[in-house]
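Dropping protein.csv in here (CSV, C-alpha atoms):
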```csv
chain,number,residue,atom,x,y,z
A,3,MET,CA,11.6,-90.0,-127.8
A,4,ASP,CA,9.0,-92.0,-129.8
A,5,ARG,CA,6.1,-90.1,-131.4
A,6,VAL,CA,2.6,-90.6,-130.0
A,7,ARG,CA,0.3,-91.9,-132.8
A,8,ILE,CA,-3.3,-90.4,-132.5
A,9,GLY,CA,-6.5,-91.4,-134.2
A,10,MET,CA,-9.2,-88.8,-133.9
A,11,VAL,CA,-12.7,-90.0,-133.1
A,12,GLY,CA,-15.2,-87.5,-134.4
A,13,ALA,CA,-14.8,-84.8,-137.1
A,14,ARG,CA,-16.7,-81.8,-135.8
A,15,PHE,CA,-16.2,-79.0,-133.4
A,16,GLY,CA,-14.8,-81.0,-130.4
A,17,ALA,CA,-12.3,-82.9,-132.6
A,18,THR,CA,-11.2,-79.6,-134.2
A,19,LEU,CA,-10.5,-78.1,-130.8
A,20,HIS,CA,-8.5,-81.1,-129.7
A,21,LEU,CA,-6.6,-81.1,-133.0
A,22,GLN,CA,-5.8,-77.4,-132.9
A,23,ASN,CA,-4.2,-78.0,-129.4
A,24,LEU,CA,-2.1,-80.8,-130.9
A,25,LEU,CA,-0.9,-79.0,-134.0
A,26,PRO,CA,2.1,-77.3,-132.4
A,27,MET,CA,3.5,-80.8,-131.5
A,28,ARG,CA,2.6,-82.4,-134.8
A,29,GLY,CA,5.5,-83.9,-136.6
A,30,ARG,CA,7.9,-83.9,-133.6
A,31,GLN,CA,6.1,-85.6,-130.7
A,32,VAL,CA,2.7,-86.3,-132.2
A,33,GLU,CA,1.5,-88.0,-135.4
A,34,ILE,CA,-2.1,-87.8,-136.4
A,35,VAL,CA,-2.7,-91.0,-138.3
A,36,GLY,CA,-6.4,-91.1,-138.9
A,37,VAL,CA,-9.9,-89.9,-138.3
A,38,CYS,CA,-13.2,-91.8,-137.7
A,39,SER,CA,-16.6,-90.3,-138.1
A,40,ARG,CA,-20.1,-91.6,-138.5
A,41,GLY,CA,-20.4,-89.8,-141.8
A,42,ARG,CA,-18.0,-90.5,-144.6
A,43,GLU,CA,-18.2,-86.9,-145.9
A,44,SER,CA,-17.3,-85.5,-142.5
A,45,ALA,CA,-14.4,-87.8,-142.1
A,46,ASP,CA,-13.1,-87.0,-145.6
A,47,ALA,CA,-13.5,-83.3,-145.1
A,48,PHE,CA,-11.7,-83.3,-141.8
A,49,ALA,CA,-8.9,-85.4,-143.1
A,50,ARG,CA,-8.4,-83.0,-146.1
A,51,ARG,CA,-8.6,-79.9,-143.9
A,52,PHE,CA,-5.9,-81.2,-141.5
A,53,GLU,CA,-3.8,-83.3,-143.9
A,54,ILE,CA,-4.6,-86.6,-142.1
A,55,PRO,CA,-3.7,-89.6,-144.2
A,56,PHE,CA,-6.6,-91.9,-143.2
A,57,ALA,CA,-10.3,-91.4,-142.9
A,58,THR,CA,-13.0,-94.0,-142.1
A,59,THR,CA,-16.4,-94.6,-140.7
A,60,ASP,CA,-15.3,-97.9,-139.1
A,61,PHE,CA,-13.8,-97.4,-135.6
A,62,ARG,CA,-12.1,-100.8,-135.8
A,63,ALA,CA,-10.3,-99.8,-139.0
A,64,LEU,CA,-9.0,-96.7,-137.2
A,65,LEU,CA,-7.6,-98.9,-134.4
A,66,ARG,CA,-5.8,-101.2,-136.8
```
Show me the file's structure as structure tokens.
Amino acid sequence: MDRVRIGMVGARFGATLHLQNLLPMRGRQVEIVGVCSRGRESADAFARRFEIPFATTDFRALLR
């Protein structure tokens, strides 16, 4: 089965809840590829916390 690639939109409480539900599947069925937030600091902090390789403030960049 192919992995589902997910880009998180938002980097606060709601995104954390969603990501925590996905963590048990991470690596097998789910790959978290990036996070987008309005604030650069929030995006970078969220990416570091959850070991997400890509952080941006540009939604279009996340989709690419």
Check the smallest atom-to-atom distance from each of A:Ala63, A:Met27, A:Ile54, A:Ala47 to Arg14 in chain A using all atoms listed in the file, then report the winner. A:Ala47
Could you state the separation of CA of Glu43 in chain A and CA of Arg30 in chain A in Å, given to one decimal place?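 Those two atoms sit 29.0 Å apart.
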Pick from A:Pro26, A:Gly16, A:Gly41, A:Gly9, whichever lies nearest to Pro55 in chain A using only C-alpha atoms: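 Result for the nearest residue to Pro55 in chain A: A:Gly9.
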Given the point (-1.1, -83.3, -127.8) in the coordinates of this file, which residues lie within 12 Å, counting only C-alpha atoms, and how would they look as a list in words?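 Selection result: Arg5, Val6, Arg7, Ile8, Gly9, Met10, Leu19, His20, Leu21, Gln22, Asn23, Leu24, Leu25, Pro26, Met27, Arg28, Gly29, Arg30, Gln31, Val32, Glu33 and Ile34 of chain A.
For the pair CA of Leu65 in chain A and CA of Arg51 in chain A, the separation is 21.3 Å.
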In Å, rounded to a single decimal, give me how far CA of Ala57 in chain A is from CA of Asp4 in chain A.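 Pair CA of Asp4 in chain A / CA of Ala57 in chain A returns 23.3 Å.
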Which residues are close to Thr58 in chain A, i.e. within 9 Å by all atoms listed in the file, leaving aside same-chain residues fewer than 5 positions away? Reply as a list in words. Gly36, Val37, Cys38, Ser39, Arg40, Gly41, Arg42, Ala45, Asp46, Ala63 and Leu64 of chain A
A:Arg66, A:Arg50, A:Phe61, A:Phe56: which is nearest Val11 in chain A, counting all atoms listed in the file?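 Residue with the minimum atom-to-atom distance to Val11 in chain A: A:Phe61.
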